[in-house]
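File shown: data.cif (mmCIF, C-alpha atoms).
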```
data_protein
loop_
_atom_site.label_atom_id
_atom_site.label_comp_id
_atom_site.auth_asym_id
_atom_site.auth_seq_id
_atom_site.Cartn_x
_atom_site.Cartn_y
_atom_site.Cartn_z
CA MET A 1109 6.94 -70.54 -88.80
CA PRO A 1110 5.19 -67.59 -90.52
CA SER A 1111 1.68 -67.83 -91.92
CA THR A 1112 1.01 -66.67 -95.48
CA SER A 1113 0.47 -63.08 -94.33
CA ASP A 1114 3.81 -63.11 -92.46
CA LEU A 1115 5.95 -64.56 -95.26
CA ARG A 1116 8.02 -62.08 -97.23
CA GLN A 1117 8.46 -62.63 -100.94
CA SER A 1118 11.63 -60.53 -100.97
CA ASP A 1119 13.54 -62.72 -98.50
CA SER A 1120 16.49 -64.42 -100.16
CA VAL A 1121 17.28 -68.11 -100.36
CA ILE A 1122 20.14 -68.92 -98.00
CA GLY A 1123 21.07 -72.26 -99.53
CA GLY A 1124 19.86 -75.58 -100.82
CA ILE A 1125 18.27 -78.52 -99.07
CA ASP A 1126 21.07 -80.81 -97.97
CA GLU A 1127 21.34 -84.58 -97.73
CA SER A 1128 20.17 -84.59 -94.10
CA ILE A 1129 16.53 -84.24 -95.18
CA PRO A 1130 14.98 -87.71 -94.81
CA VAL A 1131 13.86 -89.68 -97.85
CA ILE A 1132 11.35 -92.41 -96.96
CA ASP A 1133 10.61 -95.24 -99.37
CA SER A 1134 6.92 -95.21 -100.23
CA GLN A 1135 6.57 -98.94 -99.50
CA LEU A 1136 7.63 -98.36 -95.89
CA MET A 1137 4.57 -96.17 -95.35
CA PHE A 1138 2.46 -99.34 -95.69
CA SER A 1139 4.75 -101.67 -93.75
CA GLU A 1140 3.21 -103.86 -91.05
CA ASP A 1141 6.60 -104.57 -89.52
CA THR A 1142 6.65 -102.99 -86.04
CA THR A 1143 10.30 -101.96 -86.15
CA ALA A 1144 10.11 -100.53 -89.68
CA ARG A 1145 6.97 -98.56 -88.82
CA ALA A 1146 8.52 -97.19 -85.63
CA ASN A 1147 11.56 -96.03 -87.60
CA VAL A 1148 9.35 -94.26 -90.16
CA VAL A 1149 7.37 -92.53 -87.40
CA ALA A 1150 10.56 -91.39 -85.66
CA THR A 1151 11.97 -90.09 -88.94
CA ILE A 1152 8.82 -88.12 -89.70
CA ARG A 1153 8.66 -86.71 -86.16
CA ASP A 1154 12.23 -85.46 -86.41
CA ALA A 1155 11.59 -83.95 -89.86
CA CYS A 1156 8.41 -82.16 -88.81
CA LEU A 1157 9.96 -80.72 -85.65
CA ASN A 1158 13.42 -79.85 -86.94
CA THR A 1159 13.02 -79.24 -90.67
CA GLY A 1160 9.36 -78.77 -91.58
CA PHE A 1161 9.14 -81.17 -94.56
CA PHE A 1162 10.44 -84.51 -95.85
CA TYR A 1163 10.60 -86.62 -99.01
CA ILE A 1164 8.96 -89.84 -100.12
CA ASN A 1165 10.70 -91.85 -102.81
CA GLN A 1166 8.07 -93.33 -105.10
CA ALA A 1167 8.20 -97.00 -105.98
CA GLY A 1168 6.30 -99.26 -108.35
CA GLY A 1169 2.84 -98.02 -109.27
CA ASN A 1170 3.29 -94.58 -107.75
CA ARG A 1171 6.27 -93.84 -109.96
CA SER A 1172 4.73 -95.22 -113.16
CA ALA A 1173 1.45 -93.34 -112.58
CA ALA A 1174 3.31 -90.08 -112.01
CA THR A 1175 5.46 -90.67 -115.11
CA ALA A 1176 2.34 -91.17 -117.25
CA THR A 1177 0.74 -88.04 -115.78
CA PHE A 1178 3.82 -85.93 -116.49
CA ARG A 1179 3.63 -87.20 -120.07
CA GLN A 1180 0.01 -85.99 -120.22
CA LEU A 1181 1.01 -82.60 -118.75
CA ARG A 1182 3.56 -82.08 -121.48
CA ALA A 1183 1.04 -82.95 -124.19
CA PHE A 1184 -1.73 -80.76 -122.77
CA PHE A 1185 0.36 -77.68 -122.02
CA ALA A 1186 2.08 -77.91 -125.42
CA LEU A 1187 -1.29 -76.99 -126.97
CA SER A 1188 -1.74 -73.34 -127.86
CA ASP A 1189 -4.17 -71.43 -125.66
CA ASP A 1190 -6.65 -71.09 -128.51
CA ASP A 1191 -6.62 -74.81 -129.27
CA PRO A 1192 -10.23 -76.13 -129.06
CA ARG A 1193 -9.07 -78.95 -126.77
CA LYS A 1194 -7.88 -76.40 -124.22
CA GLN A 1195 -10.77 -74.01 -124.67
CA ALA A 1196 -13.29 -76.83 -124.18
CA VAL A 1197 -12.05 -77.37 -120.62
CA ARG A 1198 -11.35 -73.74 -119.71
CA ARG A 1199 -12.36 -73.31 -116.11
CA ASP A 1200 -13.50 -69.67 -116.00
CA ASN A 1201 -15.87 -69.64 -112.99
CA ALA A 1202 -16.15 -73.42 -112.69
CA ASP A 1203 -14.36 -75.33 -109.95
CA TYR A 1204 -12.14 -77.45 -112.20
CA GLY A 1205 -10.50 -77.50 -115.60
CA TRP A 1206 -7.81 -75.43 -117.32
CA MET A 1207 -6.71 -72.14 -115.76
CA PRO A 1208 -4.72 -69.89 -118.18
CA LYS A 1209 -1.50 -68.16 -117.30
CA PHE A 1210 -1.74 -65.11 -114.98
CA SER A 1211 -5.07 -66.30 -113.49
CA GLU A 1212 -3.65 -67.26 -110.08
CA PRO A 1213 -4.44 -64.83 -107.24
CA ALA A 1214 -1.63 -62.98 -105.46
CA TYR A 1215 -0.73 -64.65 -102.17
CA GLN A 1216 1.64 -61.73 -101.64
CA PRO A 1217 0.51 -58.19 -102.61
CA GLY A 1218 1.88 -56.89 -105.89
CA THR A 1219 2.95 -60.25 -107.30
CA ILE A 1220 1.95 -61.80 -110.63
CA SER A 1221 1.99 -65.59 -111.06
CA ASN A 1222 3.51 -66.90 -114.30
CA MET A 1223 1.98 -70.35 -114.50
CA GLU A 1224 -1.03 -72.22 -115.90
CA ALA A 1225 -2.89 -75.12 -114.34
CA PHE A 1226 -5.23 -78.00 -114.90
CA ASP A 1227 -7.24 -78.88 -111.78
CA CYS A 1228 -9.52 -81.79 -110.90
CA GLY A 1229 -11.27 -83.17 -107.84
CA ILE A 1230 -12.79 -86.37 -106.54
CA SER A 1231 -16.07 -85.75 -108.41
CA ASN A 1232 -14.13 -85.87 -111.69
CA ILE A 1233 -12.17 -88.94 -110.66
CA ASP A 1234 -15.19 -90.98 -109.57
CA GLY A 1235 -17.45 -89.68 -112.36
CA SER A 1236 -20.03 -88.14 -110.04
CA SER A 1237 -19.67 -84.68 -111.55
CA PRO A 1238 -22.13 -83.97 -114.37
CA SER A 1239 -19.59 -81.80 -116.19
CA ASN A 1240 -16.75 -83.21 -118.28
CA ILE A 1241 -13.48 -81.38 -117.62
CA TRP A 1242 -11.18 -83.89 -119.35
CA PRO A 1243 -9.35 -82.65 -122.45
CA ASP A 1244 -9.69 -84.64 -125.64
CA LEU A 1245 -6.27 -86.30 -125.44
CA PRO A 1246 -5.68 -90.08 -125.54
CA ALA A 1247 -5.84 -91.66 -122.05
CA PHE A 1248 -5.59 -88.28 -120.29
CA ASP A 1249 -8.42 -88.98 -117.86
CA ALA A 1250 -7.29 -92.58 -117.23
CA ASP A 1251 -3.68 -91.63 -116.51
CA VAL A 1252 -4.54 -88.69 -114.25
CA SER A 1253 -7.19 -90.69 -112.39
CA SER A 1254 -4.73 -93.52 -111.81
CA CYS A 1255 -2.19 -91.08 -110.39
CA TRP A 1256 -4.83 -89.52 -108.13
CA ARG A 1257 -5.75 -92.94 -106.71
CA ASP A 1258 -2.14 -93.95 -106.12
CA PHE A 1259 -1.36 -90.64 -104.43
CA ALA A 1260 -4.56 -90.83 -102.37
CA ASP A 1261 -3.59 -94.27 -101.04
CA LEU A 1262 -0.05 -93.18 -100.27
CA GLY A 1263 -1.36 -89.96 -98.72
CA ALA A 1264 -3.70 -91.83 -96.38
CA ALA A 1265 -0.81 -93.99 -95.16
CA THR A 1266 1.39 -90.92 -94.73
CA LEU A 1267 -1.30 -89.16 -92.69
CA SER A 1268 -1.39 -92.17 -90.36
CA ARG A 1269 2.36 -92.00 -89.83
CA ILE A 1270 2.20 -88.21 -89.26
CA SER A 1271 -0.56 -88.76 -86.68
CA GLN A 1272 1.69 -91.16 -84.79
CA ALA A 1273 4.65 -88.79 -85.11
CA ALA A 1274 2.62 -85.98 -83.54
CA GLY A 1275 1.39 -88.18 -80.69
CA MET A 1276 -2.20 -88.48 -81.94
CA GLU A 1277 -4.19 -91.66 -82.41
CA GLU A 1278 -2.84 -93.44 -85.48
CA ASP A 1279 -6.01 -92.99 -87.54
CA PHE A 1280 -6.82 -89.41 -86.42
CA LEU A 1281 -5.65 -87.55 -89.52
CA ARG A 1282 -6.59 -90.32 -91.92
CA ARG A 1283 -10.12 -90.46 -90.49
CA ASN A 1284 -10.58 -86.69 -90.43
CA CYS A 1285 -9.25 -86.24 -93.97
CA SER A 1286 -11.12 -89.21 -95.45
CA SER A 1287 -13.93 -87.62 -97.48
CA GLN A 1288 -11.58 -86.19 -100.16
CA SER A 1289 -14.38 -83.74 -101.01
CA LEU A 1290 -12.03 -80.77 -100.68
CA ASN A 1291 -8.92 -82.48 -102.06
CA THR A 1292 -7.60 -81.13 -105.33
CA PHE A 1293 -5.13 -82.49 -107.88
CA ARG A 1294 -3.18 -79.75 -109.68
CA LEU A 1295 -1.16 -80.23 -112.86
CA LEU A 1296 1.01 -77.15 -113.30
CA HIS A 1297 3.14 -75.67 -116.06
CA TYR A 1298 5.74 -72.93 -115.60
CA ALA A 1299 7.07 -71.78 -118.96
CA ALA A 1300 10.77 -70.97 -119.30
CA SER A 1301 11.26 -67.33 -118.26
CA PRO A 1302 14.70 -66.10 -119.31
CA ASP A 1303 13.91 -62.51 -118.31
CA ILE A 1304 13.30 -62.40 -114.56
CA ASP A 1305 11.53 -59.31 -113.20
CA GLY A 1306 12.49 -59.06 -109.53
CA ASP A 1307 10.04 -59.95 -106.77
CA ARG A 1308 6.89 -58.89 -108.63
CA SER A 1309 6.87 -61.45 -111.43
CA VAL A 1310 7.04 -64.91 -109.85
CA GLY A 1311 6.18 -68.52 -110.53
CA ILE A 1312 3.87 -68.38 -107.53
CA SER A 1313 4.21 -66.16 -104.49
CA ALA A 1314 4.98 -67.18 -100.90
CA HIS A 1315 2.23 -68.90 -98.91
CA THR A 1316 1.38 -71.81 -96.67
CA ASP A 1317 -1.14 -74.40 -97.81
CA PHE A 1318 -4.64 -74.20 -96.39
CA GLU A 1319 -5.20 -77.94 -95.95
CA CYS A 1320 -3.55 -80.63 -93.80
CA MET A 1321 -0.75 -81.95 -96.04
CA THR A 1322 0.48 -81.55 -99.62
CA PHE A 1323 2.38 -83.80 -102.06
CA ILE A 1324 4.53 -82.04 -104.68
CA CYS A 1325 6.46 -83.61 -107.58
CA GLN A 1326 8.52 -81.39 -109.88
CA THR A 1327 10.48 -81.98 -113.06
CA ALA A 1328 12.87 -79.05 -112.61
CA PRO A 1329 14.08 -76.80 -109.78
CA GLY A 1330 11.98 -73.81 -108.78
CA LEU A 1331 10.29 -74.80 -105.53
CA GLU A 1332 11.60 -72.99 -102.44
CA LEU A 1333 10.66 -73.95 -98.87
CA THR A 1334 11.03 -72.41 -95.43
CA ASP A 1335 12.56 -74.47 -92.67
CA VAL A 1336 11.28 -74.34 -89.09
CA ASN A 1337 13.43 -71.25 -88.48
CA GLY A 1338 11.87 -69.37 -91.39
CA ASN A 1339 14.90 -69.63 -93.69
CA TRP A 1340 14.26 -70.04 -97.42
CA LEU A 1341 15.87 -73.09 -99.00
CA ASP A 1342 16.00 -74.26 -102.60
CA ALA A 1343 14.30 -77.65 -103.12
CA PRO A 1344 16.07 -79.49 -105.95
CA ALA A 1345 14.14 -81.68 -108.35
CA HIS A 1346 14.55 -85.44 -108.05
CA ASP A 1347 13.10 -88.04 -110.39
CA GLY A 1348 10.38 -90.01 -108.61
CA ARG A 1349 10.57 -88.04 -105.37
CA ILE A 1350 7.57 -86.46 -103.61
CA THR A 1351 8.12 -83.44 -101.40
CA VAL A 1352 5.76 -83.64 -98.40
CA ILE A 1353 4.89 -80.30 -96.83
CA LEU A 1354 2.65 -79.53 -93.86
CA GLY A 1355 -0.49 -77.40 -94.02
CA ASP A 1356 -2.48 -74.96 -91.91
CA MET A 1357 -4.94 -77.54 -90.57
CA LEU A 1358 -2.16 -79.76 -89.22
CA GLU A 1359 -0.58 -76.74 -87.53
CA ARG A 1360 -3.97 -75.86 -86.03
CA TRP A 1361 -4.69 -79.37 -84.75
CA THR A 1362 -1.23 -79.65 -83.14
CA ASN A 1363 -1.40 -76.09 -81.72
CA GLY A 1364 1.75 -75.15 -83.60
CA LYS A 1365 3.83 -78.21 -82.66
CA PHE A 1366 3.97 -79.15 -86.35
CA LYS A 1367 4.07 -75.93 -88.35
CA ALA A 1368 2.82 -75.27 -91.88
CA THR A 1369 5.60 -75.10 -94.46
CA GLY A 1370 6.05 -71.76 -96.20
CA HIS A 1371 6.85 -72.15 -99.89
CA ARG A 1372 6.97 -70.36 -103.23
CA VAL A 1373 8.06 -71.02 -106.82
CA ARG A 1374 10.55 -68.76 -108.54
CA ARG A 1375 10.62 -67.95 -112.23
CA SER A 1376 13.33 -69.86 -114.03
CA ALA A 1377 15.00 -70.11 -117.41
CA GLU A 1378 14.06 -73.81 -117.34
CA GLN A 1379 10.54 -75.06 -118.14
CA ARG A 1380 8.95 -76.73 -115.10
CA PHE A 1381 6.02 -79.11 -114.62
CA SER A 1382 4.64 -80.20 -111.28
CA ILE A 1383 1.99 -82.55 -109.89
CA VAL A 1384 0.42 -81.39 -106.63
CA MET A 1385 -2.13 -83.09 -104.41
CA PHE A 1386 -3.76 -81.30 -101.47
CA PHE A 1387 -5.08 -83.44 -98.60
CA ALA A 1388 -7.87 -81.48 -96.94
CA ALA A 1389 -9.80 -81.99 -93.73
CA ASN A 1390 -13.40 -83.17 -93.87
CA ASP A 1391 -15.66 -80.15 -93.88
CA ASP A 1392 -18.19 -81.53 -91.38
CA ILE A 1393 -15.82 -81.08 -88.44
CA GLU A 1394 -14.50 -78.10 -86.53
CA ILE A 1395 -10.71 -77.86 -86.48
CA ALA A 1396 -9.08 -76.49 -83.35
CA PRO A 1397 -6.06 -77.39 -81.20
CA LEU A 1398 -6.50 -80.85 -79.68
CA PRO A 1399 -6.49 -80.97 -75.86
CA CYS A 1400 -3.27 -83.01 -75.81
CA PHE A 1401 -1.42 -80.01 -77.31
CA VAL A 1402 -2.88 -77.39 -74.93
CA SER A 1403 -1.67 -76.68 -71.40
CA ASP A 1404 -1.23 -73.83 -68.94
CA SER A 1405 2.20 -73.15 -70.42
CA VAL A 1406 1.03 -73.58 -74.03
CA PRO A 1407 -2.48 -72.12 -74.34
CA SER A 1408 -4.63 -72.65 -77.41
CA LEU A 1409 -3.21 -70.52 -80.22
CA TYR A 1410 -5.93 -70.89 -82.86
CA PRO A 1411 -9.71 -70.40 -82.92
CA ALA A 1412 -11.88 -73.19 -84.30
CA THR A 1413 -12.63 -73.16 -88.03
CA ARG A 1414 -13.79 -75.44 -90.82
CA GLN A 1415 -11.76 -76.38 -93.87
CA ALA A 1416 -13.86 -74.70 -96.57
CA ALA A 1417 -14.24 -71.52 -94.51
CA HIS A 1418 -10.47 -71.29 -94.05
CA ILE A 1419 -9.87 -71.81 -97.78
CA GLU A 1420 -12.45 -69.17 -98.67
CA TYR A 1421 -10.92 -66.66 -96.25
CA GLU A 1422 -7.35 -67.16 -97.48
CA VAL A 1423 -8.22 -67.20 -101.19
CA GLY A 1424 -10.38 -64.11 -100.66
CA LYS A 1425 -7.35 -62.26 -99.32
CA ALA A 1426 -5.28 -63.39 -102.29
CA MET A 1427 -7.96 -62.21 -104.73
CA ARG A 1428 -8.05 -58.81 -103.07
CA ASN A 1429 -4.26 -58.63 -103.38
CA ALA A 1430 -4.71 -59.21 -107.11
CA GLY A 1431 -7.50 -56.62 -107.40
CA ARG A 1432 -10.11 -59.29 -108.11
CA ALA A 1433 -12.25 -59.05 -104.98
CA ASN A 1434 -15.54 -59.24 -106.91
CA GLU A 1435 -14.79 -62.59 -108.51
CA PRO A 1436 -16.63 -65.65 -107.18
CA LYS A 1437 -14.75 -67.29 -104.31
CA PRO A 1438 -13.88 -70.97 -104.82
CA ALA A 1439 -15.45 -73.61 -102.62
CA THR A 1440 -12.91 -76.32 -103.22
CA SER A 1441 -9.41 -76.96 -101.97
CA GLY A 1442 -6.39 -76.20 -104.12
CA GLU A 1443 -8.31 -74.00 -106.54
CA PHE A 1444 -5.07 -72.12 -106.78
CA ARG A 1445 -1.47 -72.63 -105.69
CA ARG A 1446 1.82 -74.24 -106.51
#
```

Could you show the structure in this file as structure tokens?
Amino acid sequence: MPSTSDLRQSDSVIGGIDESIPVIDSQLMFSEDTTARANVVATIRDACLNTGFFYINQAGGNRSAATATFRQLRAFFALSDDDPRKQAVRRDNADYGWMPKFSEPAYQPGTISNMEAFDCGISNIDGSSPSNIWPDLPAFDADVSSCWRDFADLGAATLSRISQAAGMEEDFLRRNCSSQSLNTFRLLHYAASPDIDGDRSVGISAHTDFECMTFICQTAPGLELTDVNGNWLDAPAHDGRITVILGDMLERWTNGKFKATGHRVRRSAEQRFSIVMFFAANDDIEIAPLPCFVSDSVPSLYPATRQAAHIEYEVGKAMRNAGRANEPKPATSGEFRR
């Protein structure tokens, strides 16, 4: 599967995602039943090898937390850009807060991203950050924090099942993605765009994610994914469904056995909101192909790196594409994207 630099924004969608893509109930990710867990692992293995992504159907708390967060997205992004409640949390050169429309770097040269974002990290969720990035809207911080925690729990369980599917120790990914220091929660708004301007003006341009795994929820169509053969497919929106895509660090650890999922968002005549959570590797470890994925016939394909260094390198390229090479480079995961 292509990396960000190999993806081509101009490639056409060949069709939609069909019913063969697995949908796993979120409760099964936590199941202690041996047979149920084995079935989940087998399903994920098949999806990662033969498709490149899969779905989780949210249940209970996950669904209600996401519903409340989408309600907060609609309220926040309905504010005008000059509203004091938006301006008070404008990110500018800070790590987190509101990012106005057209601020996203260009993951593909010559593209302009037509979306705005609100970003937060673990330091905002646990209150350890000295800066307040929460907008002055009723229960905004409580609802978003609740959704973060639910997604983080589900994500940890999903990483364990992906570890087993790849043939790693069950807790390998969960343990090596446990700090959450480089995780980012993105709340995104794509305004309705009735006039579409070819390949240059996009929702967000084609890329792979720089971390290990990503959760994406969307209220309307717009997300497009590559399958393991590099074909672009339309990912329809489903109420309560999380799209799980694979990131660069997982591809690196598995030496390309599980490949990062190329994706982009098109402009659309329909307004779109999305919730995105990036699950990053701990930054105190080097990430390189594990010995179990390297052999004489399959040599190591990737040099060792660290998570923050990889993010900085990739975002730096995207900033240069956008003609913004002199801007400060972010240090946190998910500063941009989706």

| said: Please enumerate the residues selected by the PyMOL selection byres ((chain A and resi 1330) around 6) when evaluated against the supplied file, formatted as a list in words. | reply: Pro1329, Leu1331, Val1373 and Arg1374 of chain A

Just the residues within 10 Å of Gly1364 of chain A, please, counting all atoms listed in the file, with nothing from its chain fewer than 2 positions along; format it as a PyMOL selection string.
chain A and resi 1109+1356-1362+1366-1368+1397+1401+1406+1408-1410

From the list A:Ala1260, A:Val1352, A:Leu1281, A:Ala1273, the nearest residue to Gly1160 of chain A using only C-alpha atoms is A:Val1352

Q) For the atom pair atom CA of Lys1194 of chain A and atom CA of Trp1242 of chain A, what is the interatomic distance in Å to one decimal place? A)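 Atom-to-atom, atom CA of Lys1194 of chain A to atom CA of Trp1242 of chain A, that is 9.5 Å.
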
Exercise. Decode the PyMOL selection byres ((chain A and resi 1196) around 9) for the given file into explicit residues and return them as a list in words.
Key: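 Taken on the displayed file, the PyMOL selection byres ((chain A and resi 1196) around 9) yields the residues Asp1191, Pro1192, Arg1193, Lys1194, Gln1195, Val1197, Arg1198, Arg1199, Trp1206, Ile1241, Trp1242, Pro1243 and Asp1244 of chain A.
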
If you count all atoms listed in the file, the residue of A:Arg1145, A:His1418, A:Arg1294, A:His1371 closest to Tyr1204 of chain A turns out to be A:Arg1294

Which is closer to Arg1428 of chain A than all the others in A:Ala1412, A:Ala1202, A:Ala1214, A:Ile1270, using all atoms listed in the file?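 Going through A:Ala1412, A:Ala1202, A:Ala1214, A:Ile1270 one by one, the smallest distance to Arg1428 of chain A is for A:Ala1214.
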
- Taking the file above as input, evaluate the PyMOL selection byres ((chain A and resi 1119) around 12) and report the hits as a ChimeraX atom specification. /A:1114-1118,1120-1122,1306-1307,1313-1314,1332-1334,1338-1341,1370-1372

Quick one: residues within 9 Å of segment 1223-1233 of chain A, all atoms listed in the file, excluding same-chain residues fewer than 6 positions away - as number ranges by chain? A: 1181, 1185, 1197-1199, 1203-1212, 1239-1242, 1249-1250, 1252-1254, 1256-1257, 1288-1299, 1310-1312, 1440-1444, 1446

What separates atom CA of Ile1132 of chain A and atom CA of Phe1386 of chain A is a distance of 19.3 Å

Counting only C-alpha atoms, the residue among A:Arg1171, A:Arg1283, A:Arg1182, A:Arg1269 that lies closest to Val1149 of chain A is A:Arg1269
